[in-house]
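Next up, target25.txt (compact mmCIF, C-alpha atoms):
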# COMPACT_ATOMS: atom_id res chain seq x y z
CA MET A 932 20.55 -65.48 336.64
CA VAL A 933 24.05 -66.84 335.99
CA VAL A 934 25.83 -63.71 337.22
CA ASP A 935 24.18 -64.07 340.63
CA ALA A 936 24.56 -67.85 340.76
CA VAL A 937 28.36 -68.04 340.46
CA SER A 938 31.27 -66.49 342.30
CA ILE A 939 33.47 -66.00 339.22
CA PRO A 940 33.21 -63.28 336.56
CA VAL A 941 30.79 -64.07 333.75
CA THR A 942 31.70 -63.10 330.18
CA VAL A 943 29.72 -63.35 326.96
CA LYS A 944 30.87 -64.02 323.41
CA MET A 945 28.50 -63.22 320.57
CA ARG A 946 28.30 -62.19 316.94
CA LEU A 947 27.10 -58.84 315.62
CA GLY A 948 23.59 -60.16 314.97
CA TRP A 949 21.58 -62.59 312.90
CA ASP A 950 22.23 -60.85 309.56
CA ALA A 951 23.09 -57.40 308.21
CA SER A 952 19.51 -56.19 308.78
CA GLN A 953 19.46 -57.37 312.40
CA ILE A 954 22.54 -56.03 314.20
CA SER A 955 21.69 -56.67 317.85
CA ALA A 956 25.11 -56.85 319.54
CA PRO A 957 25.27 -53.22 320.77
CA ASP A 958 21.90 -53.54 322.52
CA PHE A 959 22.76 -56.94 323.96
CA ALA A 960 26.17 -55.72 325.18
CA ARG A 961 24.53 -52.80 326.99
CA ALA A 962 21.97 -55.14 328.59
CA PHE A 963 24.65 -57.65 329.60
CA GLU A 964 26.65 -54.90 331.28
CA GLN A 965 23.58 -53.77 333.23
CA VAL A 966 23.06 -57.26 334.70
CA GLY A 967 26.70 -57.59 335.76
CA VAL A 968 28.51 -59.34 332.92
CA ALA A 969 32.24 -58.63 333.34
CA ALA A 970 33.28 -58.45 329.67
CA VAL A 971 31.99 -59.04 326.17
CA ALA A 972 33.83 -60.67 323.27
CA ILE A 973 32.37 -59.78 319.90
CA HIS A 974 32.98 -61.62 316.65
CA GLY A 975 32.66 -59.04 313.90
CA ARG A 976 30.43 -61.12 311.61
CA THR A 977 26.76 -61.98 311.65
CA ARG A 978 25.32 -65.47 312.04
CA ALA A 979 24.30 -65.42 308.38
CA GLN A 980 27.91 -64.76 307.30
CA GLY A 981 29.35 -67.74 309.14
CA PHE A 982 33.08 -67.35 308.47
CA SER A 983 32.68 -65.81 305.02
CA GLY A 984 33.30 -62.22 304.07
CA SER A 985 35.33 -59.79 306.12
CA VAL A 986 35.00 -58.89 309.76
CA ASP A 987 33.06 -55.64 310.34
CA LEU A 988 35.32 -53.45 312.46
CA GLY A 989 32.70 -50.69 312.48
CA GLY A 990 30.24 -53.13 314.01
CA ILE A 991 32.71 -53.99 316.77
CA ARG A 992 33.22 -50.26 317.38
CA GLN A 993 29.44 -49.89 317.86
CA VAL A 994 29.60 -52.51 320.62
CA VAL A 995 32.54 -50.70 322.28
CA GLU A 996 30.56 -47.45 322.19
CA ALA A 997 27.40 -49.11 323.54
CA VAL A 998 28.86 -50.07 326.92
CA ALA A 999 29.91 -47.76 329.73
CA GLU A 1000 32.77 -49.54 331.45
CA ILE A 1001 33.17 -53.23 330.73
CA PRO A 1002 35.95 -54.33 328.38
CA VAL A 1003 35.07 -55.40 324.87
CA ILE A 1004 37.27 -58.00 323.20
CA GLY A 1005 37.37 -57.95 319.38
CA ASN A 1006 37.40 -61.21 317.45
CA GLY A 1007 37.62 -62.18 313.79
CA ASP A 1008 40.28 -62.15 311.07
CA VAL A 1009 43.19 -61.72 313.51
CA ARG A 1010 45.96 -63.75 311.89
CA THR A 1011 48.92 -61.41 312.35
CA VAL A 1012 50.15 -58.68 314.67
CA ALA A 1013 49.14 -56.14 312.02
CA ASP A 1014 45.58 -57.52 312.08
CA ALA A 1015 45.49 -57.14 315.87
CA ALA A 1016 46.84 -53.59 315.70
CA ARG A 1017 44.24 -52.65 313.08
CA MET A 1018 41.42 -54.09 315.17
CA LEU A 1019 42.56 -52.25 318.30
CA ASN A 1020 43.04 -48.96 316.44
CA GLU A 1021 39.85 -49.01 314.38
CA THR A 1022 37.44 -50.36 316.99
CA GLY A 1023 38.75 -49.01 320.28
CA CYS A 1024 38.33 -52.50 321.77
CA HIS A 1025 40.31 -53.37 324.88
CA GLY A 1026 41.86 -56.56 323.57
CA VAL A 1027 41.71 -59.13 320.81
CA SER A 1028 40.71 -62.77 320.78
CA VAL A 1029 42.51 -65.04 318.34
CA GLY A 1030 40.64 -68.05 317.02
CA ARG A 1031 41.23 -69.80 313.69
CA GLY A 1032 44.14 -67.45 312.95
CA ALA A 1033 46.21 -69.43 315.43
CA LEU A 1034 45.72 -72.59 313.38
CA ALA A 1035 47.73 -71.10 310.51
CA ASN A 1036 50.14 -69.23 312.79
CA PRO A 1037 50.62 -70.90 316.19
CA TRP A 1038 53.34 -68.32 316.92
CA ILE A 1039 50.86 -65.46 317.00
CA PHE A 1040 50.45 -65.54 320.78
CA GLN A 1041 54.19 -65.18 321.37
CA GLN A 1042 54.34 -62.48 318.68
CA LEU A 1043 51.51 -60.52 320.30
CA LYS A 1044 53.14 -60.80 323.71
CA GLU A 1045 56.48 -59.53 322.34
CA TRP A 1046 54.73 -56.74 320.44
CA GLU A 1047 52.84 -55.62 323.54
CA GLN A 1048 56.00 -55.64 325.66
CA THR A 1049 58.57 -54.25 323.21
CA GLY A 1050 56.83 -52.98 320.09
CA CYS A 1051 58.71 -55.60 318.05
CA PHE A 1052 58.16 -59.30 317.50
CA SER A 1053 59.94 -62.36 316.16
CA PRO A 1054 58.90 -63.89 312.85
CA ALA A 1055 56.58 -66.87 312.74
CA GLY A 1056 58.21 -70.27 312.41
CA ASN A 1057 59.68 -71.32 309.09
CA PHE A 1058 58.94 -74.56 307.25
CA GLN A 1059 61.18 -76.66 309.49
CA ASP A 1060 59.85 -75.05 312.69
CA ARG A 1061 56.30 -75.79 311.58
CA MET A 1062 57.16 -79.39 310.70
CA LEU A 1063 58.66 -79.88 314.17
CA LEU A 1064 55.62 -78.35 315.85
CA LEU A 1065 53.26 -80.44 313.71
CA ARG A 1066 55.07 -83.60 314.77
CA LYS A 1067 55.15 -82.52 318.41
CA GLN A 1068 51.43 -81.81 318.51
CA PHE A 1069 50.64 -85.09 316.78
CA GLY A 1070 52.90 -86.84 319.31
CA PHE A 1071 50.85 -85.43 322.19
CA LEU A 1072 47.65 -86.74 320.61
CA GLU A 1073 49.22 -90.12 319.90
CA GLU A 1074 50.43 -90.42 323.48
CA ARG A 1075 46.95 -89.71 324.76
CA PHE A 1076 44.75 -91.56 322.26
CA GLY A 1077 46.97 -94.02 320.37
CA SER A 1078 48.10 -93.76 316.74
CA GLU A 1079 44.90 -94.70 314.95
CA PHE A 1080 42.62 -92.28 316.78
CA ALA A 1081 45.29 -89.55 316.82
CA ILE A 1082 45.58 -89.70 313.02
CA VAL A 1083 41.83 -89.15 312.62
CA ARG A 1084 41.74 -86.34 315.19
CA PHE A 1085 44.78 -84.61 313.72
CA ARG A 1086 43.62 -84.43 310.10
CA ARG A 1087 41.98 -81.03 310.37
CA MET A 1088 44.80 -79.52 312.39
CA GLY A 1089 47.36 -81.05 310.06
CA HIS A 1090 45.61 -79.43 307.11
CA TRP A 1091 46.04 -75.98 308.70
CA TYR A 1092 49.72 -76.62 309.35
CA LEU A 1093 50.40 -77.89 305.84
CA LYS A 1094 48.48 -75.10 304.15
CA SER A 1095 50.42 -72.46 306.08
CA MET A 1096 53.62 -74.31 305.15
CA GLN A 1097 52.81 -73.86 301.44
CA VAL A 1098 52.58 -77.62 300.92
CA PRO A 1099 50.99 -78.45 297.52
CA PRO A 1100 47.34 -79.58 297.59
CA ASP A 1101 48.14 -83.10 296.36
CA LEU A 1102 50.44 -83.73 299.32
CA ARG A 1103 47.95 -82.20 301.75
CA HIS A 1104 45.36 -84.58 300.33
CA GLN A 1105 47.75 -87.50 300.73
CA PHE A 1106 48.20 -86.51 304.38
CA GLN A 1107 44.41 -86.53 304.83
CA LEU A 1108 44.17 -90.05 303.43
CA ALA A 1109 46.77 -91.57 305.79
CA LYS A 1110 45.21 -94.29 307.94
CA THR A 1111 48.27 -95.75 309.67
CA LYS A 1112 51.31 -94.33 311.40
CA GLU A 1113 53.46 -95.72 308.59
CA GLU A 1114 51.40 -93.95 305.91
CA LEU A 1115 51.48 -90.72 307.88
CA GLU A 1116 55.25 -90.91 308.35
CA ALA A 1117 55.79 -91.68 304.66
CA THR A 1118 53.69 -88.64 303.69
CA LEU A 1119 55.50 -86.37 306.13
CA LYS A 1120 58.84 -87.60 304.78
CA THR A 1121 57.74 -86.75 301.24
CA ILE A 1122 56.51 -83.33 302.39
CA ALA A 1123 59.81 -82.65 304.18
CA THR A 1124 61.80 -83.69 301.11
CA ASN A 1125 59.76 -81.54 298.71
CA GLY A 1126 59.64 -78.52 300.98
CA PRO A 1127 57.23 -75.62 300.51
CA ARG A 1128 55.59 -74.75 297.20
CA ASP A 1129 57.35 -71.82 295.51

Show how you would write the structure in this file as structure tokens.
Amino acid sequence: MVVDAVSIPVTVKMRLGWDASQISAPDFARAFEQVGVAAVAIHGRTRAQGFSGSVDLGGIRQVVEAVAEIPVIGNGDVRTVADAARMLNETGCHGVSVGRGALANPWIFQQLKEWEQTGCFSPAGNFQDRMLLLRKQFGFLEERFGSEFAIVRFRRMGHWYLKSMQVPPDLRHQFQLAKTKEELEATLKTIATNGPRD
């Protein structure tokens, strides 16, 4: 058993179940706790849902209520501080895990930290802040992998940035088609000049 084989805490992340008729997470969470798992992270959707539909906060609450002591971390649809607060309040979970929400709002971690410490938080970055961060992240990839491979690897991440920046679909598509550093730079220059979609 993994728990006995390692000297570090073992955690488990799972979904609510296979589909709406097979919600197994509460039973699994209870069993995991009994064998020594240190914490459970639960994504509030079933396998059948994938990433469609809304997260089931009631389902996460069932997992929280199924265990005796271990912390339960809620996951799914946390894109803002308000989303995190709602998950904590409605499920009773001990913390939240942020996944794809950070792709559209990379500032969420700083916002959550400020909110936890002070009850207030700074706004997410504006268009210019996001453009700077996009370029910085691409620069890290380029430094590590070279321009050509970095462009390919950054397409998906770039899409999330540009969508959250309210960049029109045609310019997002142009960004996706860039194959050289020159094409990428030309597209980013056009995006910067046009600014966000109103």

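The gap separating atom CA of Arg1128 of chain A from atom CA of Val1098 of chain A is 5.6 Å, in Å to one decimal.
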
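If you look at atom CA of Val943 of chain A and atom CA of Gln1042 of chain A, they are 26.0 Å away from each other.
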
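Atom pair atom CA of Gly1023 of chain A / atom CA of Val995 of chain A: separated by 6.7 Å.
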
*asked:* Please list as JSON, numbers by chain every residue within 12 Å of Ala951 of chain A, counting only C-alpha atoms and excluding residues in the same chain fewer than 4 positions away.
replied: {"A": [946, 947, 955, 956, 975, 976, 977, 978, 979, 980, 987, 990]}

Any chance you can output those residues with C-alpha atoms as a JSON list (two decimals), in the frame of the given file?
[["chain", "number", "residue", "atom", "x", "y", "z"],
["A", 946, "ARG", "CA", 28.30, -62.19, 316.94],
["A", 947, "LEU", "CA", 27.10, -58.84, 315.62],
["A", 955, "SER", "CA", 21.69, -56.67, 317.85],
["A", 956, "ALA", "CA", 25.11, -56.85, 319.54],
["A", 975, "GLY", "CA", 32.66, -59.04, 313.90],
["A", 976, "ARG", "CA", 30.43, -61.12, 311.61],
["A", 977, "THR", "CA", 26.76, -61.98, 311.65],
["A", 978, "ARG", "CA", 25.32, -65.47, 312.04],
["A", 979, "ALA", "CA", 24.30, -65.42, 308.38],
["A", 980, "GLN", "CA", 27.91, -64.76, 307.30],
["A", 987, "ASP", "CA", 33.06, -55.64, 310.34],
["A", 990, "GLY", "CA", 30.24, -53.13, 314.01]]

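Look at Asp1014 of chain A: the protein and nucleic acid residues within 12 Å of it, using only C-alpha atoms and passing over chain neighbours fewer than 5 places away, are Val986, Leu988, Gly1005, Asn1006, Gly1007, Asp1008, Val1009, Leu1019, Asn1020, Glu1021, Thr1022, Val1027, Ser1028, Val1029, Gly1032, Ile1039 and Leu1043 of chain A.
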
Would you save the residues of that selection, restricted to C-alpha atoms, as a compact mmCIF listing (two decimals), keeping the file's coordinate frame?
# COMPACT_ATOMS: atom_id res chain seq x y z
CA VAL A 986 35.00 -58.89 309.76
CA LEU A 988 35.32 -53.45 312.46
CA GLY A 1005 37.37 -57.95 319.38
CA ASN A 1006 37.40 -61.21 317.45
CA GLY A 1007 37.62 -62.18 313.79
CA ASP A 1008 40.28 -62.15 311.07
CA VAL A 1009 43.19 -61.72 313.51
CA LEU A 1019 42.56 -52.25 318.30
CA ASN A 1020 43.04 -48.96 316.44
CA GLU A 1021 39.85 -49.01 314.38
CA THR A 1022 37.44 -50.36 316.99
CA VAL A 1027 41.71 -59.13 320.81
CA SER A 1028 40.71 -62.77 320.78
CA VAL A 1029 42.51 -65.04 318.34
CA GLY A 1032 44.14 -67.45 312.95
CA ILE A 1039 50.86 -65.46 317.00
CA LEU A 1043 51.51 -60.52 320.30

*In terms of the shortest atom-to-atom distance over only C-alpha atoms, which of A:Ile973, A:Val934, A:Ala1016, A:Leu1119 is closest to Gln993 of chain A?*
A:Ile973

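Between Lys1094 of chain A and the residues A:Gln1041, A:Thr1121, A:Asn1036, A:Pro1054, the shortest atom-to-atom distance, using all atoms listed in the file, involves A:Asn1036.
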
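Minimum atom-to-atom distance to Pro1037 of chain A, evaluated using only C-alpha atoms, belongs to A:Ala1055 out of A:Val1003, A:Ala1055, A:Ala1013, A:Ala1123.
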
*Have a look at A:Met932, A:Lys944, A:Val1012, A:Ala997 and name the one nearest to Arg961 of chain A; count all atoms listed in the file.*
A:Ala997

If I wrap all listed atoms of segment 1047-1061 of chain A in a box with edges along x, y and z and add 4 Å on each side, what are its centre and edge lengths in Å to one decimal, as lines of an AutoDock Vina configuration file?
center_x = 57.0
center_y = -64.8
center_z = 316.5
size_x = 16.3
size_y = 31.7
size_z = 26.4

*asked:* Calculated over all atoms listed in the file, which of the candidates A:Thr942, A:Phe959, A:Trp949, A:Ile954 has the smallest distance to Ala972 of chain A?
replied: A:Thr942

_Which residues are near Asp935 of chain A? Cut-off 10 Å, all atoms listed in the file, ignore same chain within fewer than 4 positions. Put them as a ChimeraX atom specification._
/A:939-941,966-967

_Leu1034 of chain A surroundings by all atoms listed in the file, 9 Å radius, close-in-sequence under 4 positions cut, as an MDAnalysis selection string_ = chainID A and resid 1010 1030 1088 1091:1092 1095

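Among A:Gly1089, A:Asp1060, A:Gly948, A:Glu1074, the residue with the shortest atom-to-atom distance to Gln1105 of chain A, counting only C-alpha atoms, is A:Gly1089.
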
_All residues 12 Å or closer to Glu1116 of chain A, only C-alpha atoms, same chain fewer than 4 positions away omitted, as a VMD selection string_ = chain A and resid 1062 1065 to 1066 1069 to 1070 1078 1082 1105 to 1106 1109 to 1112 1120 to 1123
